[in-house]
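Shown next, in structure tokens, is the structure this report addresses.
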Amino acid sequence: MVEFVWLIPALPLAGFAVLLLAGPRLGEPRAGWLATAASAGSFLFTLVTFGGLLGLESVDAGGAGGHGGRWFVSTLFEWMPIGGLEVDAALLVDPLSMTMALFVTGVGTLIHLYSVGYMHGDPKYSKFFLYLNLFLFSMLMLVLGNNLVVTFLGWEGVGTCSYLLISFWHERPTAATAGKKAFVTNRIGDFGFMIATFLLWTTLGTVSYAGLAAGAPALATGTATAVSLLLLLAAAGKSAQLPLYVWLPDAMEGPTPVSAMVHAATMVTAGVYLLVRLNPVLDASEGALLVIAIVGAATALFAALAAVAQHDIKKVLAYSTVSQLGYMFLAIGSGAYVAAIFHVITHAFFKGLLFLGAGSVIHGLGDEQDMRRMGALRAVMPVTAVTFIVGWLAIAGVPPLSGFWSKDEILLAAWEQPDIGRLLWIVGLVTALLTAYYMSRQTFLVFFGGQRWDDSAHPHESPATMTLPLVVLAGAAAIGGVMNLPLVADWLVLEHFLEPVLAHPHHFTSGTGTKLGLALLAVVAALGGIAFAILAWLKARIPTDKLEPALLENVFYFDSTVSNFVGGPGTKAFEAAATADRRFVDGAVNGVARLVRMLGEAVRPLQSGYLRHYASGVAVGAIILVVWLALRGVS
Amino acid sequence: MGALLAASASASDFPLLNALIFVPAVGALIVALLPRSRPDLARPLGTLFAAIGGALALALAWQFDAADAGFQFVSQQSWIPALGISWHVGVDGISLWLVVLTSLVVPIVLAGVDPHHDPKPYTAWMLLLQAGSVGAFVALDLFLFFVMFEVVLVPMYLLIAGWGYEGRRYAATKFFIYTMAGSALLLVAIVATAVLGSPDSGITFDLVTLAEEQGLATNTARLCFVAFAIAFLVKVPVVPLHTWLPDAHTEAPTAGSVVLAAVLLKLGTYGLLRFGLYLFPEASDWAAPVLVTVGVVGVIWGAITAAMQRDLKRLVAYSSVAHMGFIVLGIFAFTAQAVGGSVIQMVNHGISTGALFLLVGMLYERRHTRQIDELAGIQSAAPVYAGVFTLIMLSSVGVPGLNGFVGEFLILIGSFETRRWWTVIAATGVILAALYLLWAYQRVFHGPPAAADRQTADLRRGELLTLAPFVIAVVALGVYPKPLLDAVEPAANELLEHFEEHSGFEVPELGDPVVVDHGDSSGEHDEDGH
């Protein structure tokens, strides 16, 4: 059934086309249902293709990991063939692409469904779903593309949709600015993506993943390092790592389902996917891997610290997302690609859930986003509260919920990193503690404690279209860990499934005792974070006035410094260039024109029309000529 | 028209290229001779002639043999035998799509854009523009090319001066004198090339003969090349020879801006390929470092200055400078991808920038301002207009799946091999393009609309029809550019082989994998690819 893989992206594209032509006529809620159906159909065909992949026989050679496994390529048409360059519009079905496609379409469908309720009454209802379907199509092209260029198509597509969706309420200047900022910041990463593609193509003569995997071992270390760092730049843009993370917190200006789908569950994991997809290249450069690990660990800690002091319910989750993405980069840098993908999936469940829960709260409180005006909502929004609590415990790393398992694997991988493993592990552990703390703080501020909202707000539980996705995601966030349980080899389902796409499958070397010890410490850190939050925010045993320092609330003033630079000296420099263009470049042109005119006017008396003037001119000329010849003759 | 198309398709010896030149030329004459009492006839009649040209161009593309790298539909008549000047025309994969673009754009803007006054001379000049541009793209005789190159100048000058905006006289004069200065050099160089470079059998202005002969001494050829190149670089234009362009674009009537961007600028880059690389291979190689630099400087400088423009039309004009810089880089990177990409980019830039000028023109019609400061929130009032603008903008930014990406990507990937660091710098232009376009878009389309903005009408049916071909092309050529590439590739390869043979440059064989793929690792077997 793998032949029908093209239907996976085709369905949301068809949904987009129908909505483009007939969206306003369909109106609410039909436009929403149509988009949801397109997404659900896409999920269905992903399941079918997944089944087809499992039915394929494993082979020994080829594939995107370089050594076989199950895989299938569907070539749709030649896209940009010229000279030796072959860029096919082709889709790749292999364990990695299917893993990604499954959760993208699965979580995507739930969020489509949620949006049917959330976007109720919006004047641009159908347009929202049009963008959502286009986004899903792009995301699927990204993960299903058989070569770097098709992935880049999806990469830019999701970036464009992200721009359109962040600035969806474009009459709000902050939303418009945030959308632009996201796109331009991502373009810096795209620059890295492009140069990496060029470098790979000129060195290995191919852009297809199978070809790159085959060629990667032969790469010179310098080239592999350069490519890997360029890919890191690309991934840092899309997946909001230091220093390019600045767009993601601002992206919260978009409607909350967008934050859940684009800016938590799917698009922002594209960078992780890209790096994992090109693991054969990364493996050829230990130095680049170390840099990736450091960037990941630094981002994880940095963003977790920022999340501690935010007041906006979505900003907490946004910084949390940046931090969790940092974990994934840490995993990649430690060589544990499967752990990274594992965390991508569990994070999609619990962070999608948390964002949708936050959306439900915002919806119920009449667009209130400040946690200082929430509290005690568990009584009025029971479903939202219970599902949110599941998400909170999952991300906090409380066993046996999904987040515990995936985070544990990353911490173990960091521990085993040969160069600075202990340091990376400590950073990861501190981040885990902070994560448990800030998520507990959020949960308590929103759902527990005293009521801090006006009675006129009339908070209410959300409709079934919104709560059903919450319940499903809560289930997934709770039990998602089963896909890759440690200790017993047979339980590592995801690990074994993904092994063929990896050039060097990672093997943990620590003994069972170390593993259990590290896991125990992780649990202690999580519980410690929660306990501290209980004392501070629930029991008020610790004064909270020092727990939200301005430095953290303003995220170390990094973003504002960058903005001030861009808006100040940056703009001035551009302005100076424009002025120079007008005054000097164009001024020179007009200067030449003036000069010509002046010369013309200066010599105009010569053309007087009087014969005697001409005659005297000839005479003077003749004399000069004679004198000159005579002088030449003398010397 | 259908019958004519069929007739042209059946008769293989039908002088299609001559018809492509003469149909609009005769149309111009007929429109000019229309009785003074019936100015209303001018545009419909002119559109008809232009559209016949368009239909013929489509027939040309249909009949064009993509596998043939040489000149096709060649027609040669002796013109001034004493000087070896002939009416020699022909089309290859490099000129084909420019001919098609020209022949389609003129009828579309003629039909879609209202000149507001004096439709008769306006229409006649537009038709002459079409005839001259097509003529320049198919001319295979240096003298004929020069004539056509100059013929184009006059109607454009008159269109700007006659139907433009407030500063039209200054802009038109600047445009004319600037390009004339280049043309003077061009004429001298053409004569020198013919006189000094002709074979012993006698003087000739024939491009193919001169290019094959390579009869000029190295230094003479370099000198002549410099003269040719300056004339073309003014036309492109490259920084710092570009300042006529923003003025001309801003002051020109909408149709003039569209044709200027879509067609006239391409005379420069096309000239660099046809009369640079082809005619002066050694000199091209010699001068390439300078030209590549100039191209890359254009990419960055154009983008930076575009960002700071306060007039939306000027902004688009400066973006043109940036986009054309990519093409210059690609031409002098000397690889199949880069040269092929340059040709594709010429077409795609014509489509995207042409459409942007149409859109800005439509906004001006409504608001009588192009000042970014005076506009806001247009998307709320005119969502369809904003949607089309967004699409074209994304094409101009180079988002894959749309046409702008194809040429840009091929140029950059092709240039990376031979001009690595220049390409890296040029690629930052991709970031800047997003910056200046999205910023302008935000200021004009987003935010709360003022009262005047709220009343901005959305697109009318006629305007939608005018834009439709551009929108379709933007998507179609982005998703499936293969038909274009198929025709371009053999010609680009042939040109590069010729170039390689007559210069010291070795065109690298790109795309030969250093490491051989596993036999079954590519996507060729859909049936049993496991």
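Residue names in the structure tokens use chain letters A, B, ... in the order shown, residue numbers from 1 in each chain, and ligand numbers from 1 in the order shown.
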
Practice prompt. Do a neighbour search on Gln451 (chain A) at 8 Å with only C-alpha atoms, toss out local chain neighbours closer than 4 positions, and write the hits as a list of chain:residue names.
Written response: A:Arg373, A:Met374, A:Gly375, A:Ala376, A:Leu377

Worksheet item: as a PyMOL selection string, which residues of region 72-202 of chain A does DSSP assign to alpha helix (DSSP H)?
Response: chain A and resi 95-118+125-144+148-166+173-202

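In this comparison, which uses only C-alpha atoms, the residue of A:Ile345, A:Met194, A:Ile332, A:Leu353 approaching Ser259 (chain A) most closely is A:Leu353.
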
Discussion item. Report, in Å with one decimal, the straight-line distance from CA of Ala189 (chain B) to CA of His498 (chain B).
Written reply: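 Between CA of Ala189 (chain B) and CA of His498 (chain B) the gap is 21.3 Å.
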
Practice prompt. Tell me, in Å to one decimal, how far CA of His347 (chain A) is from CA of Leu212 (chain A).
Written response: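 CA of Leu212 (chain A) lies at a distance of 29.0 Å from CA of His347 (chain A).
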
Fill in: Test item: residues at most 12 Å from Ala37 (chain A), only C-alpha atoms, excluding those fewer than 2 positions along its chain, as a ChimeraX atom specification
/A:11-12,14-16,30-35,39-44,105,108-113,116,129,133

Could you dump the residues just selected with C-alpha atoms as a PDB file, in the first residue's frame?
```
ATOM      1  CA  LEU A  11      -5.529  15.310   0.852  1.00  0.00           C
ATOM      2  CA  PRO A  12      -4.690  18.424   2.860  1.00  0.00           C
ATOM      3  CA  ALA A  14      -6.992  19.286  -1.860  1.00  0.00           C
ATOM      4  CA  GLY A  15      -8.618  20.649   1.265  1.00  0.00           C
ATOM      5  CA  PHE A  16      -6.633  23.828   0.830  1.00  0.00           C
ATOM      6  CA  ARG A  30     -18.543  23.317   7.240  1.00  0.00           C
ATOM      7  CA  ALA A  31     -15.172  24.781   6.256  1.00  0.00           C
ATOM      8  CA  GLY A  32     -13.775  23.553   9.546  1.00  0.00           C
ATOM      9  CA  TRP A  33     -15.201  20.093   9.147  1.00  0.00           C
ATOM     10  CA  LEU A  34     -13.916  19.834   5.609  1.00  0.00           C
ATOM     11  CA  ALA A  35     -10.389  20.706   6.707  1.00  0.00           C
ATOM     12  CA  SER A  39      -6.526  15.947   7.856  1.00  0.00           C
ATOM     13  CA  ALA A  40      -8.182  12.806   9.193  1.00  0.00           C
ATOM     14  CA  GLY A  41      -8.033  11.241   5.745  1.00  0.00           C
ATOM     15  CA  SER A  42      -4.368  12.057   5.623  1.00  0.00           C
ATOM     16  CA  PHE A  43      -3.907  10.344   8.988  1.00  0.00           C
ATOM     17  CA  LEU A  44      -5.775   7.327   7.672  1.00  0.00           C
ATOM     18  CA  THR A 105      -1.253  13.858  10.999  1.00  0.00           C
ATOM     19  CA  GLY A 108      -2.742  17.634  13.484  1.00  0.00           C
ATOM     20  CA  THR A 109      -6.185  16.109  13.094  1.00  0.00           C
ATOM     21  CA  LEU A 110      -6.959  16.558  16.770  1.00  0.00           C
ATOM     22  CA  ILE A 111      -5.973  20.208  16.563  1.00  0.00           C
ATOM     23  CA  HIS A 112      -8.076  20.711  13.443  1.00  0.00           C
ATOM     24  CA  LEU A 113     -11.002  19.286  15.373  1.00  0.00           C
ATOM     25  CA  VAL A 116     -13.668  23.865  14.837  1.00  0.00           C
ATOM     26  CA  PHE A 129      -8.663  26.288   8.072  1.00  0.00           C
ATOM     27  CA  ASN A 133      -4.550  22.571   5.644  1.00  0.00           C
TER      28      ASN A 133
END
```

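When CA of Ala61 (chain A) is paired with CA of Leu85 (chain A), their separation reads 23.3 Å.
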
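Here the question is which of B:Glu365, B:Tyr178, B:Val294, B:Leu264 gets nearest to chain A using only C-alpha atoms, and that residue is B:Tyr178.
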
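Using only C-alpha atoms, the nearest neighbour of Gly302 (chain B) within the list B:Pro240, B:Gly407, B:Gly53, B:Pro281 is B:Pro240.
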
Item to complete: For Phe146 (chain B), please output as a VMD selection string all residues within 12 Å (counting only C-alpha atoms; exclusion window: fewer than 6 positions along the same chain).
Response: chain B and resid 85 87 132 to 133 135 to 140 152 to 153 180 182 to 191 205 207 228 231 to 232 267 271 275

Per-residue nearest contacts region 175-263 of chain B to region 154-157 of chain B, cut-off 10 Å, using only C-alpha atoms, as JSON lines:
```
{"residue": "B:Phe175", "atom": "CA", "partner": "B:Tyr157", "partner_atom": "CA", "distance": 7.2}
{"residue": "B:Phe176", "atom": "CA", "partner": "B:Tyr157", "partner_atom": "CA", "distance": 6.2}
{"residue": "B:Ile177", "atom": "CA", "partner": "B:Tyr157", "partner_atom": "CA", "distance": 9.9}
{"residue": "B:Ala248", "atom": "CA", "partner": "B:Tyr157", "partner_atom": "CA", "distance": 9.1}
{"residue": "B:Ala252", "atom": "CA", "partner": "B:Met156", "partner_atom": "CA", "distance": 8.8}
{"residue": "B:Gly256", "atom": "CA", "partner": "B:Met156", "partner_atom": "CA", "distance": 6.9}
{"residue": "B:Ser257", "atom": "CA", "partner": "B:Met156", "partner_atom": "CA", "distance": 9.5}
{"residue": "B:Val259", "atom": "CA", "partner": "B:Met156", "partner_atom": "CA", "distance": 8.9}
{"residue": "B:Leu260", "atom": "CA", "partner": "B:Met156", "partner_atom": "CA", "distance": 7.9}
```

Selected residues, C-alpha atoms, written as a PDB file, in the first residue's frame, please.
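So selection.pdb came out as:
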```pdb
ATOM      1  CA  PHE B 175      16.554  56.817 -18.872  1.00  0.00           C
ATOM      2  CA  PHE B 176      17.141  57.816 -22.451  1.00  0.00           C
ATOM      3  CA  ILE B 177      20.495  59.511 -22.034  1.00  0.00           C
ATOM      4  CA  ALA B 248      12.105  55.324 -14.665  1.00  0.00           C
ATOM      5  CA  ALA B 252       6.509  55.235 -15.806  1.00  0.00           C
ATOM      6  CA  GLY B 256       5.536  50.790 -18.959  1.00  0.00           C
ATOM      7  CA  SER B 257       6.892  49.605 -15.628  1.00  0.00           C
ATOM      8  CA  VAL B 259       7.273  45.894 -19.704  1.00  0.00           C
ATOM      9  CA  LEU B 260      10.405  47.601 -18.464  1.00  0.00           C
TER      10      LEU B 260
END
```

Discussion item. Just want the 12 Å neighbourhood of region 560-564 of chain A, counted on only C-alpha atoms, with same-chain residues fewer than 2 positions away dropped. Output as a VMD selection string.
Written reply: chain A and resid 177 181 185 243 to 247 250 551 553 to 558 566 to 572

Worksheet item: Any idea what's packed within 10 Å of Phe532 (chain A), counting only C-alpha atoms, ignoring anything in its chain fewer than 5 positions away? Could you give it as a PyMOL selection string?
Response: chain A and resi 433+436-438+440-441+527+537-539+541-542

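Here the question is which of A:Phe191, A:Gly254, A:Leu142, A:Glu78 gets nearest to Arg172 (chain A) using only C-alpha atoms, and that residue is A:Gly254.
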
Fill in: Shortest interatomic distance to Phe137 (chain A) - which of A:Trp155, A:Tyr125, A:Tyr327, A:Phe565, counting only C-alpha atoms
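Of A:Trp155, A:Tyr125, A:Tyr327, A:Phe565, the one nearest Phe137 (chain A), counting only C-alpha atoms, is A:Trp155.
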